[in-house]
Structures are given as structure tokens and as C-alpha cells.
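Next up, target28.cif (mmCIF, C-alpha atoms and all ligand atoms):
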data_final
loop_
_atom_site.label_atom_id
_atom_site.label_comp_id
_atom_site.auth_asym_id
_atom_site.auth_seq_id
_atom_site.Cartn_x
_atom_site.Cartn_y
_atom_site.Cartn_z
CA MET A 1129 34.08 -25.99 72.63
CA LEU A 1130 33.43 -22.63 71.03
CA ASN A 1131 36.12 -19.94 71.34
CA THR A 1132 38.29 -21.87 73.74
CA PHE A 1133 41.68 -21.00 72.24
CA SER A 1134 43.39 -17.66 71.91
CA LEU A 1135 45.60 -16.63 69.02
CA SER A 1136 48.95 -14.86 69.31
CA PRO A 1137 48.53 -11.07 69.09
CA ASN A 1138 49.79 -10.87 65.50
CA MET A 1139 47.81 -13.86 64.26
CA SER A 1140 44.65 -13.56 62.20
CA ALA A 1141 41.79 -16.02 62.70
CA TYR A 1142 41.90 -16.90 58.98
CA GLY A 1143 45.00 -17.79 56.98
CA LEU A 1144 45.79 -18.41 53.34
CA GLY A 1145 47.48 -21.60 52.14
CA THR A 1146 49.87 -22.06 49.25
CA THR A 1147 49.90 -25.79 48.41
CA SER A 1148 49.95 -25.44 44.62
CA TYR A 1149 51.31 -21.90 44.44
CA TRP A 1150 54.16 -23.08 42.26
CA SER A 1151 51.91 -24.56 39.57
CA GLY A 1152 50.08 -22.82 36.74
CA ARG A 1153 46.82 -23.82 38.46
CA ASN A 1154 47.37 -21.14 41.06
CA GLN A 1155 47.50 -18.01 38.97
CA GLY A 1156 45.42 -15.55 40.93
CA LEU A 1157 46.76 -16.39 44.36
CA ASP A 1158 49.14 -13.39 44.25
CA ALA A 1159 46.24 -10.98 44.03
CA CYS A 1160 44.30 -12.91 46.68
CA ILE A 1161 47.22 -12.76 49.13
CA HIS A 1162 47.63 -9.02 48.53
CA GLU A 1163 43.95 -8.33 49.10
CA ALA A 1164 43.75 -10.69 52.08
CA VAL A 1165 46.69 -9.00 53.81
CA GLU A 1166 46.08 -5.41 52.78
CA LYS A 1167 42.29 -5.22 52.90
CA TYR A 1168 41.24 -7.94 55.34
CA GLY A 1169 44.21 -7.83 57.74
CA ILE A 1170 45.00 -11.50 57.29
CA SER A 1171 48.49 -12.14 58.63
CA VAL A 1172 48.69 -15.94 58.59
CA LEU A 1173 50.26 -17.32 55.39
CA ASP A 1174 50.97 -21.04 55.30
CA THR A 1175 53.54 -22.87 53.19
CA ALA A 1176 55.86 -25.89 53.33
CA GLU A 1177 59.17 -26.99 51.85
CA MET A 1178 57.24 -29.91 50.34
CA TYR A 1179 54.99 -27.76 48.15
CA GLY A 1180 56.57 -27.87 44.70
CA ASN A 1181 59.93 -28.73 46.33
CA GLY A 1182 60.33 -25.20 47.67
CA ARG A 1183 58.74 -23.42 44.73
CA SER A 1184 55.66 -22.38 46.73
CA GLU A 1185 57.97 -20.83 49.33
CA GLU A 1186 59.77 -18.97 46.52
CA ALA A 1187 56.48 -17.74 45.04
CA LEU A 1188 55.28 -16.60 48.46
CA GLY A 1189 58.63 -14.88 49.09
CA LYS A 1190 58.12 -12.85 45.91
CA THR A 1191 54.54 -11.91 46.78
CA ILE A 1192 55.38 -10.64 50.26
CA ARG A 1193 58.68 -8.94 49.44
CA ASP A 1194 57.24 -5.40 49.62
CA MET A 1195 55.02 -6.07 52.63
CA ASN A 1196 55.84 -5.08 56.18
CA ARG A 1197 57.23 -8.34 57.58
CA GLU A 1198 56.03 -7.58 61.11
CA THR A 1199 52.41 -7.58 59.90
CA LEU A 1200 52.75 -11.16 58.62
CA PHE A 1201 52.61 -14.46 60.46
CA LEU A 1202 54.52 -16.92 58.27
CA VAL A 1203 53.96 -20.63 58.85
CA ASP A 1204 56.31 -23.15 57.24
CA LYS A 1205 56.75 -26.91 57.59
CA ILE A 1206 59.66 -29.32 57.58
CA LEU A 1207 59.35 -32.82 56.13
CA PRO A 1208 59.89 -35.62 58.66
CA ASP A 1209 62.67 -36.97 56.41
CA ASN A 1210 64.58 -33.71 56.92
CA ALA A 1211 63.97 -33.52 60.66
CA ASP A 1212 67.24 -35.10 61.71
CA GLU A 1213 70.68 -34.00 62.85
CA ALA A 1214 72.10 -33.92 59.31
CA ARG A 1215 69.31 -31.94 57.62
CA PHE A 1216 67.17 -29.99 60.08
CA ARG A 1217 69.08 -26.70 60.18
CA ASN A 1218 69.82 -26.70 56.44
CA SER A 1219 66.16 -27.27 55.64
CA LEU A 1220 65.16 -24.38 57.85
CA VAL A 1221 67.80 -22.03 56.48
CA ASN A 1222 66.88 -22.94 52.90
CA SER A 1223 63.20 -22.26 53.60
CA LEU A 1224 64.13 -18.86 55.04
CA LYS A 1225 66.20 -18.08 51.92
CA ARG A 1226 63.38 -19.05 49.58
CA LEU A 1227 60.94 -16.90 51.54
CA LYS A 1228 63.54 -14.11 51.71
CA THR A 1229 62.96 -13.62 55.41
CA ASP A 1230 65.09 -13.82 58.57
CA TYR A 1231 62.60 -15.72 60.68
CA LEU A 1232 59.42 -17.78 60.65
CA ASP A 1233 56.59 -17.04 63.02
CA LEU A 1234 55.77 -20.73 63.26
CA TYR A 1235 57.67 -23.83 62.10
CA LEU A 1236 55.85 -27.16 62.03
CA LEU A 1237 56.87 -30.77 61.67
CA HIS A 1238 54.65 -31.56 58.64
CA TRP A 1239 53.72 -35.02 59.87
CA ARG A 1240 55.26 -37.51 62.25
CA GLU A 1241 56.21 -40.61 60.26
CA ASN A 1242 59.62 -41.74 61.57
CA ALA A 1243 60.72 -38.39 62.98
CA ASP A 1244 62.59 -38.77 66.25
CA LEU A 1245 60.70 -36.45 68.59
CA SER A 1246 63.57 -36.46 71.09
CA PHE A 1247 65.62 -34.81 68.32
CA VAL A 1248 62.88 -32.59 66.89
CA VAL A 1249 61.93 -30.86 70.16
CA PRO A 1250 65.44 -29.65 71.11
CA ALA A 1251 66.15 -28.75 67.46
CA MET A 1252 63.02 -26.58 67.37
CA GLU A 1253 63.88 -25.04 70.73
CA ALA A 1254 67.43 -24.27 69.54
CA ALA A 1255 66.02 -22.60 66.41
CA VAL A 1256 63.82 -20.42 68.64
CA LYS A 1257 66.87 -19.45 70.74
CA GLU A 1258 68.80 -18.64 67.56
CA GLY A 1259 65.98 -16.35 66.41
CA LEU A 1260 65.27 -18.35 63.23
CA ILE A 1261 61.74 -19.16 64.35
CA ARG A 1262 59.44 -17.51 66.88
CA ARG A 1263 57.53 -20.65 67.84
CA TRP A 1264 57.16 -24.27 66.73
CA GLY A 1265 54.52 -26.91 66.43
CA VAL A 1266 53.40 -30.02 64.61
CA SER A 1267 50.90 -31.05 61.96
CA ASN A 1268 48.76 -34.16 61.51
CA PHE A 1269 49.48 -35.31 65.07
CA ASP A 1270 46.77 -37.56 66.49
CA THR A 1271 46.12 -38.03 70.20
CA HIS A 1272 48.78 -40.72 70.71
CA ASP A 1273 51.36 -38.69 68.72
CA LEU A 1274 50.69 -35.65 70.89
CA ARG A 1275 51.01 -37.70 74.08
CA ASP A 1276 54.40 -38.95 72.86
CA LEU A 1277 55.43 -35.38 72.07
CA LEU A 1278 54.34 -34.13 75.49
CA ALA A 1279 56.42 -36.85 77.13
CA VAL A 1280 59.61 -35.40 75.55
CA PRO A 1281 61.32 -32.69 77.68
CA GLY A 1282 60.29 -29.34 76.18
CA GLY A 1283 57.45 -30.96 74.19
CA ALA A 1284 54.92 -28.91 76.12
CA ASN A 1285 56.27 -25.81 74.33
CA CYS A 1286 54.48 -27.02 71.18
CA PHE A 1287 52.39 -24.03 70.09
CA CYS A 1288 50.13 -25.51 67.43
CA ASN A 1289 48.86 -28.67 65.74
CA GLN A 1290 47.72 -28.12 62.14
CA ILE A 1291 45.06 -30.70 61.30
CA PHE A 1292 42.28 -31.65 58.87
CA TYR A 1293 39.02 -30.19 60.18
CA ASN A 1294 35.77 -29.00 58.64
CA VAL A 1295 32.01 -29.34 59.18
CA TYR A 1296 32.02 -32.75 57.48
CA GLU A 1297 34.86 -34.26 59.52
CA ARG A 1298 34.71 -33.52 63.23
CA GLY A 1299 36.44 -36.60 64.68
CA CYS A 1300 39.21 -34.60 66.35
CA GLU A 1301 36.64 -32.89 68.59
CA TYR A 1302 36.26 -36.06 70.66
CA ALA A 1303 39.71 -36.49 72.23
CA LEU A 1304 42.41 -34.67 70.27
CA VAL A 1305 41.12 -31.11 70.56
CA PRO A 1306 40.36 -31.47 74.31
CA LEU A 1307 43.93 -32.75 74.81
CA MET A 1308 45.26 -29.76 72.86
CA LYS A 1309 43.14 -27.44 74.96
CA GLU A 1310 44.47 -29.00 78.16
CA HIS A 1311 48.02 -28.27 76.98
CA ASN A 1312 47.29 -24.90 75.39
CA ILE A 1313 48.15 -26.13 71.89
CA LEU A 1314 46.40 -24.05 69.24
CA PRO A 1315 44.43 -25.93 66.57
CA MET A 1316 44.93 -24.73 62.99
CA SER A 1317 42.72 -26.28 60.31
CA TYR A 1318 43.51 -27.22 56.76
CA SER A 1319 40.95 -28.41 54.19
CA SER A 1320 38.58 -26.18 56.09
CA LEU A 1321 36.15 -26.39 53.15
CA GLY A 1322 36.55 -30.15 52.74
CA SER A 1323 38.90 -31.83 50.30
CA ASN A 1324 38.78 -33.67 46.99
CA TYR A 1325 41.05 -36.22 48.65
CA TYR A 1326 38.44 -37.13 51.27
CA PRO A 1327 34.87 -37.99 50.22
CA HIS A 1328 32.14 -35.85 51.76
CA PRO A 1329 28.68 -34.56 50.85
CA ASP A 1330 28.28 -31.29 48.95
CA ILE A 1331 27.07 -28.59 51.30
CA HIS A 1332 25.33 -26.86 48.39
CA ARG A 1333 22.98 -29.84 48.22
CA ILE A 1334 21.86 -29.67 51.83
CA PRO A 1335 18.58 -27.69 51.78
CA PRO A 1336 18.59 -26.47 55.42
CA VAL A 1337 22.13 -25.08 54.92
CA MET A 1338 21.15 -23.31 51.71
CA ASP A 1339 18.03 -21.88 53.43
CA VAL A 1340 20.29 -20.26 56.05
CA CYS A 1341 22.60 -18.94 53.32
CA ARG A 1342 19.70 -17.37 51.46
CA LEU A 1343 18.51 -15.62 54.63
CA GLY A 1344 21.82 -13.77 54.86
CA SER A 1345 22.75 -13.65 51.15
CA LEU A 1346 25.85 -15.61 52.12
CA LYS A 1347 27.89 -18.33 50.48
CA PRO A 1348 28.05 -21.61 52.45
CA GLU A 1349 31.85 -21.39 52.28
CA ALA A 1350 31.78 -18.21 54.39
CA LEU A 1351 29.70 -19.96 57.04
CA MET A 1352 31.86 -23.09 56.96
CA LEU A 1353 35.03 -21.09 57.52
CA LYS A 1354 33.43 -19.00 60.27
CA TRP A 1355 32.30 -22.26 61.92
CA ASN A 1356 35.93 -23.44 62.08
CA VAL A 1357 36.98 -20.10 63.56
CA ARG A 1358 34.20 -20.20 66.14
CA HIS A 1359 35.30 -23.71 67.07
CA GLY A 1360 38.62 -22.19 68.08
CA PHE A 1361 40.67 -22.99 64.98
CA CYS A 1362 43.00 -20.68 63.13
CA THR A 1363 41.38 -21.48 59.80
CA LEU A 1364 43.34 -21.95 56.58
CA PHE A 1365 41.85 -21.89 53.14
CA THR A 1366 43.16 -21.42 49.62
CA THR A 1367 41.61 -19.53 46.78
CA THR A 1368 42.82 -18.26 43.45
CA SER A 1369 39.65 -16.21 42.97
CA ILE A 1370 39.21 -12.69 44.34
CA GLN A 1371 35.46 -13.23 44.27
CA HIS A 1372 35.79 -16.37 46.39
CA LEU A 1373 38.10 -14.54 48.79
CA ARG A 1374 35.50 -11.81 49.26
CA ASP A 1375 32.68 -14.35 49.57
CA ASN A 1376 34.63 -16.31 52.17
CA LEU A 1377 35.31 -13.27 54.33
CA GLN A 1378 31.83 -11.74 54.21
CA GLU A 1379 30.51 -10.30 57.47
CA ILE A 1380 28.06 -12.75 59.02
CA PRO A 1381 25.20 -11.57 61.26
CA GLU A 1382 25.24 -13.45 64.58
CA ASP A 1383 21.66 -14.75 64.26
CA ILE A 1384 22.43 -16.25 60.85
CA TYR A 1385 25.61 -17.84 62.18
CA GLN A 1386 23.67 -19.36 65.10
CA ARG A 1387 21.15 -20.89 62.70
CA PHE A 1388 24.01 -22.37 60.68
CA GLU A 1389 25.56 -23.82 63.85
CA GLN A 1390 22.23 -25.52 64.67
CA VAL A 1391 21.88 -26.95 61.15
CA ILE A 1392 25.41 -28.33 61.27
CA GLU A 1393 24.71 -29.98 64.64
CA GLN A 1394 21.76 -31.75 63.01
CA GLU A 1395 23.38 -32.64 59.68
CA PHE A 1396 26.93 -33.37 60.88
CA PRO A 1397 26.75 -34.09 64.62
CA ALA A 1398 29.78 -34.03 66.88
CA PRO A 1399 31.54 -37.44 67.20
CA ASP A 1400 30.49 -39.78 70.01
CA HIS A 1401 33.68 -41.86 69.99
CA GLU A 1402 37.34 -41.53 69.13
CA TYR A 1403 38.66 -42.67 65.75
CA PRO A 1404 41.91 -41.94 63.87
CA LEU A 1405 42.60 -38.41 62.72
CA VAL A 1406 41.98 -37.87 59.00
CA LYS A 1407 45.15 -36.87 57.16
CA ILE A 1408 45.53 -36.08 53.47
N1 LIG B 1501 49.46 -29.73 57.08
C1 LIG B 1501 49.02 -30.41 56.04
O1 LIG B 1501 49.26 -31.62 55.93
C2 LIG B 1501 48.18 -29.70 55.00
C3 LIG B 1501 47.44 -30.46 54.08
C4 LIG B 1501 46.67 -29.77 53.14
C5 LIG B 1501 46.66 -28.39 53.12
N2 LIG B 1501 47.41 -27.67 54.02
C6 LIG B 1501 47.42 -26.19 54.01
O2 LIG B 1501 46.09 -25.69 54.10
C7 LIG B 1501 45.80 -24.87 52.97
C8 LIG B 1501 44.32 -24.99 52.59
O3 LIG B 1501 43.87 -26.33 52.48
P1 LIG B 1501 43.47 -27.04 51.11
O4 LIG B 1501 44.59 -26.90 50.19
O5 LIG B 1501 43.04 -28.43 51.48
O6 LIG B 1501 42.37 -26.26 50.45
P2 LIG B 1501 40.99 -25.58 50.89
O7 LIG B 1501 41.27 -24.18 51.23
O8 LIG B 1501 40.27 -26.38 51.91
O9 LIG B 1501 40.22 -25.67 49.51
C9 LIG B 1501 40.75 -25.07 48.42
C10 LIG B 1501 39.72 -25.16 47.28
O10 LIG B 1501 38.51 -24.52 47.67
C11 LIG B 1501 38.11 -23.67 46.61
N3 LIG B 1501 37.37 -22.53 47.17
C12 LIG B 1501 37.80 -21.62 48.09
N4 LIG B 1501 36.82 -20.72 48.34
C13 LIG B 1501 35.76 -21.08 47.57
C14 LIG B 1501 34.46 -20.56 47.38
N5 LIG B 1501 34.03 -19.48 48.02
N6 LIG B 1501 33.64 -21.17 46.49
C15 LIG B 1501 34.04 -22.27 45.83
N7 LIG B 1501 35.26 -22.83 45.96
C16 LIG B 1501 36.12 -22.23 46.84
C17 LIG B 1501 39.38 -23.24 45.93
O11 LIG B 1501 39.13 -23.01 44.55
P3 LIG B 1501 39.28 -21.52 43.92
O12 LIG B 1501 40.73 -21.28 43.74
O13 LIG B 1501 38.55 -21.64 42.64
O14 LIG B 1501 38.64 -20.57 44.88
C18 LIG B 1501 40.26 -24.49 46.08
O15 LIG B 1501 40.08 -25.36 45.00
C19 LIG B 1501 46.79 -25.36 51.90
O16 LIG B 1501 47.03 -24.44 50.89
C20 LIG B 1501 48.02 -25.63 52.74
O17 LIG B 1501 48.73 -24.43 52.97
C21 LIG B 1501 48.15 -28.31 54.96
#

Represent the supplied structure as C-alpha cells.
Amino acid sequence: MLNTFSLSPNMSAYGLGTTSYWSGRNQGLDACIHEAVEKYGISVLDTAEMYGNGRSEEALGKTIRDMNRETLFLVDKILPDNADEARFRNSLVNSLKRLKTDYLDLYLLHWRENADLSFVVPAMEAAVKEGLIRRWGVSNFDTHDLRDLLAVPGGANCFCNQIFYNVYERGCEYALVPLMKEHNILPMSYSSLGSNYYPHPDIHRIPPVMDVCRLGSLKPEALMLKWNVRHGFCTLFTTTSIQHLRDNLQEIPEDIYQRFEQVIEQEFPAPDHEYPLVKI
């Protein structure tokens, strides 16, 4: 399944997330976003109205205010509770105000819950027509959710499904990602380095992985993120550390990457059955 999806022309393969941008814990993200955009050409910046009740959007709006908007690919998400007739447009307009922008490149339904897809799809399509968003998609949609979405008129215009995916948790490869491929729905990964909210081994403690890292003087995080990209995902990560940013975006020689791919196949094999999508 390597390299089976193509990004939009102005989309970078990597993207930076902003979950806790509003909190004191995320001092340092400003500088990381600047360096990511200006030095590494990263355009994809991900946020959501949920993060700090809009405060992450506000913080991101401040960081990008002097940047050339056309070089950015802003991703934002609406809560399912707000995805109804009474609140959808207001939520979107308020997100735009907080980001101080006229449009989003991609607007996602954050998760399904009780959202009425027969409302959400035409609302998203109307927002595209109005020029408020360039494209729309969903997040945390499992196979059955996506089938329901595709059954709604216009549902096939869904551009992206943002989901939990990393070397430790490959369940979506079995049925969900093939379904997305069939319908040309781009996968975007979050928790691309794993998550404290989902137990997993520590890659630093896996000797064959660390042997590969030593060969290329690379951090395992760089290889993990590259692995997501090579599996066709637009790959989100967050860092508040310039050093981590640079480590994560290190150039990786192809032979070293191939060795990493082989080790991952041995240590964390692809799934052999379908099971529910992990969501955090
Ligand atoms: N759609 C959804 O439901 C959903 C859910 C979760 C997240 N997201 C989005 O995806 C983005 C990223 O996902 P995530 O928040 O789960 O975080 P993540 O990017 O998978 O992990 C972030 C953590 O990894 C650490 N890290 C990054 N590079 C590192 C390195 N080289 N060495 C050691 N540690 C490193 C960071 O710490 P340092 O700051 O110290 O580097 C941070 O604590 C979020 O910000 C959000 O925009 C979406």
C-alpha cells in the first residue's frame, strides 16, 4: 500500500498539529511552526474548534498572520454537536475569525457521534460553494461510518479521513484504508508517533529499530513519521522543540528507510483481520 494516495498540489506530506497550543505546555510551538513553514516548506497546519475552546485557533491565527496565506494548507474541525442546522455556519465563521482567514483549505467533521450525515454533507458542500472552505472531510470515521457517508448524495466528495495511525497501530490498513483508496479519500494521520492515551511499546527499546537508527545517525521518530508518509498518509505531528522538529524532518537515505520498513514488518506486522478503528 505504499504511495497509493496523492496530495493536493499545495499540501505538504507532513503537517503540524496544535492540540494544546492554547496551554502553557506548548510554548515553543510558535517557533516550530515558523521554521516548519519557512525552512521545511510544510504547509499543512491542523487545528480544531475543540482545542482550548477556540484558543488554539486564535494562537495559530496569530502565528500565521504575517505568512503568505496561499502557501498554507489550514485544516480545521467542527464538533459533531455543532454540525447541525442551528450551529454549523456560525461555528465555521467563528473558526475563520479566530484564525483571521477568509477560508479553510480543509474542514473536517471531528468525529461522527450523533451527527446527521444527510445534513453535514450538503452543509459542507454549501460552504465550498460559498468559498468558506476549499474542501471537506471527516475524522475518526471507521469503515461502517465511511460506508454510511458514501451512501449520502455528495458523500463521495469527501476529500480526507483524519485517523489514528502509527507503526504500533496498523488496524486501519486491513479494510478502512483500502476503502478510502477505492473512493480516493486521502488518509491523514494523527498520533503518528503513538500516544500517551493508547498503550504501546517504546520504539527506543526495540534493538533492531535502534540498530537501523544508528546506521543512519537518525532518530526513530524521523523514521516513524517517514513510514506514515510512505504508507500514503499526510502525516501530522506536534512538537514544541526545534531540535525535535529538525530530528523529525531529517533526510533519510533510501537503504536505511528500507531496512526500517523490514524491521517494522517483523516487529509490528500488518493486521490480518478487521477490528474497530482506534480513536483517542
Ligand atoms: N482528529 C483527531 O481526533 C485528533 C486527535 C489527536 C490529535 N490530532 C491532531 O494531530 C496532531 C498530532 O497528534 P498528537 O497530538 O497525538 O501528537 P504527536 O505528534 O503524535 O505526539 C506529540 C508528542 O510527541 C513528542 N515528540 C515529537 N517529536 C519528538 C521527538 N523527535 N522526540 C521525542 N518526542 C517527540 C512531542 O513532545 P515535544 O514537544 O517535546 O517534542 C509531543 O509530546 C495534534 O496536534 C492534532 O492537531 C487530531

Please check which protein, DNA or RNA residues sit within 6 Å of ligand LIG 1501 (chain B), counting only C-alpha atoms and all ligand atoms, and write them as a ChimeraX atom specification. /A:1145-1147,1174-1175,1238,1267,1290,1318-1323,1349,1364-1369,1372,1375-1376,1408

Counting only C-alpha atoms, closest pick from A:His1162, A:Lys1190, A:Lys1407, A:Lys1309 relative to Phe1292 in chain A is A:Lys1407

Residues within 7 Å of Leu1234 in chain A, please, as number ranges by chain. Count all atoms listed in the file; anything in the same chain fewer than 5 positions from it doesn't count. A: 1202-1204, 1261-1264

Can you report as lines of an AutoDock Vina configuration file the centre and edge lengths in Å, to one decimal, of an axis-aligned box around the listed atoms of range 1307-1311 of chain A padded with 6 Å on each side?
center_x = 45.6
center_y = -30.1
center_z = 75.5
size_x = 16.9
size_y = 17.3
size_z = 17.3

Which is closer to Thr1363 in chain A than all the others in A:Leu1173, A:Ser1317, A:Lys1205, A:Phe1247, using all atoms listed in the file?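 Among A:Leu1173, A:Ser1317, A:Lys1205, A:Phe1247, it is A:Ser1317 that comes nearest to Thr1363 in chain A.
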
Close residues, range 1133-1135 of chain A itself excluded, 12 Å, all atoms listed in the file, min 3 positions apart in chain, as a PyMOL selection string: chain A and resi 1129-1130+1138-1142+1171-1172+1201+1287-1288+1305-1306+1308-1316+1356-1363

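CA of Ala1211 in chain A lies 18.6 Å from CA of Asp1270 in chain A.
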
How many Å separate CA of Phe1396 in chain A from CA of Ile1331 in chain A?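 Between these atoms lies a distance of 10.7 Å.
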
Atomic separation - CA of Arg1183 in chain A relative to CA of Tyr1149 in chain A, Å: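 Taking CA of Tyr1149 in chain A and CA of Arg1183 in chain A, their separation equals 7.6 Å.
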
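Residue nearest Ile1161 in chain A, chosen from A:Leu1304, A:Ala1254, A:Ile1370, A:Leu1227 and counting only C-alpha atoms: A:Ile1370.
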
Which residue gives the smallest distance to Val1256 in chain A among A:Ala1303, A:Cys1286, A:Ile1291, A:Cys1160, with all atoms listed in the file counted? A:Cys1286

Option closest in space to Asn1289 in chain A, from A:Ala1243, A:Leu1207, A:Ala1251, A:Leu1236 [counting all atoms listed in the file]: A:Leu1236

Choose the residue, out of A:Tyr1302, A:Phe1269, A:Val1391, A:Leu1144, that has the smallest atom-to-atom separation from Ala1164 in chain A; count only C-alpha atoms. A:Leu1144

I'd like the contact shell of Asn1196 in chain A - 12 Å cut-off, all atoms listed in the file, skipping same-chain residues fewer than 2 positions apart - returned as a list of chain:residue names. A:His1162, A:Val1165, A:Glu1166, A:Ser1171, A:Thr1191, A:Ile1192, A:Arg1193, A:Asp1194, A:Glu1198, A:Thr1199, A:Leu1200, A:Phe1201, A:Thr1229
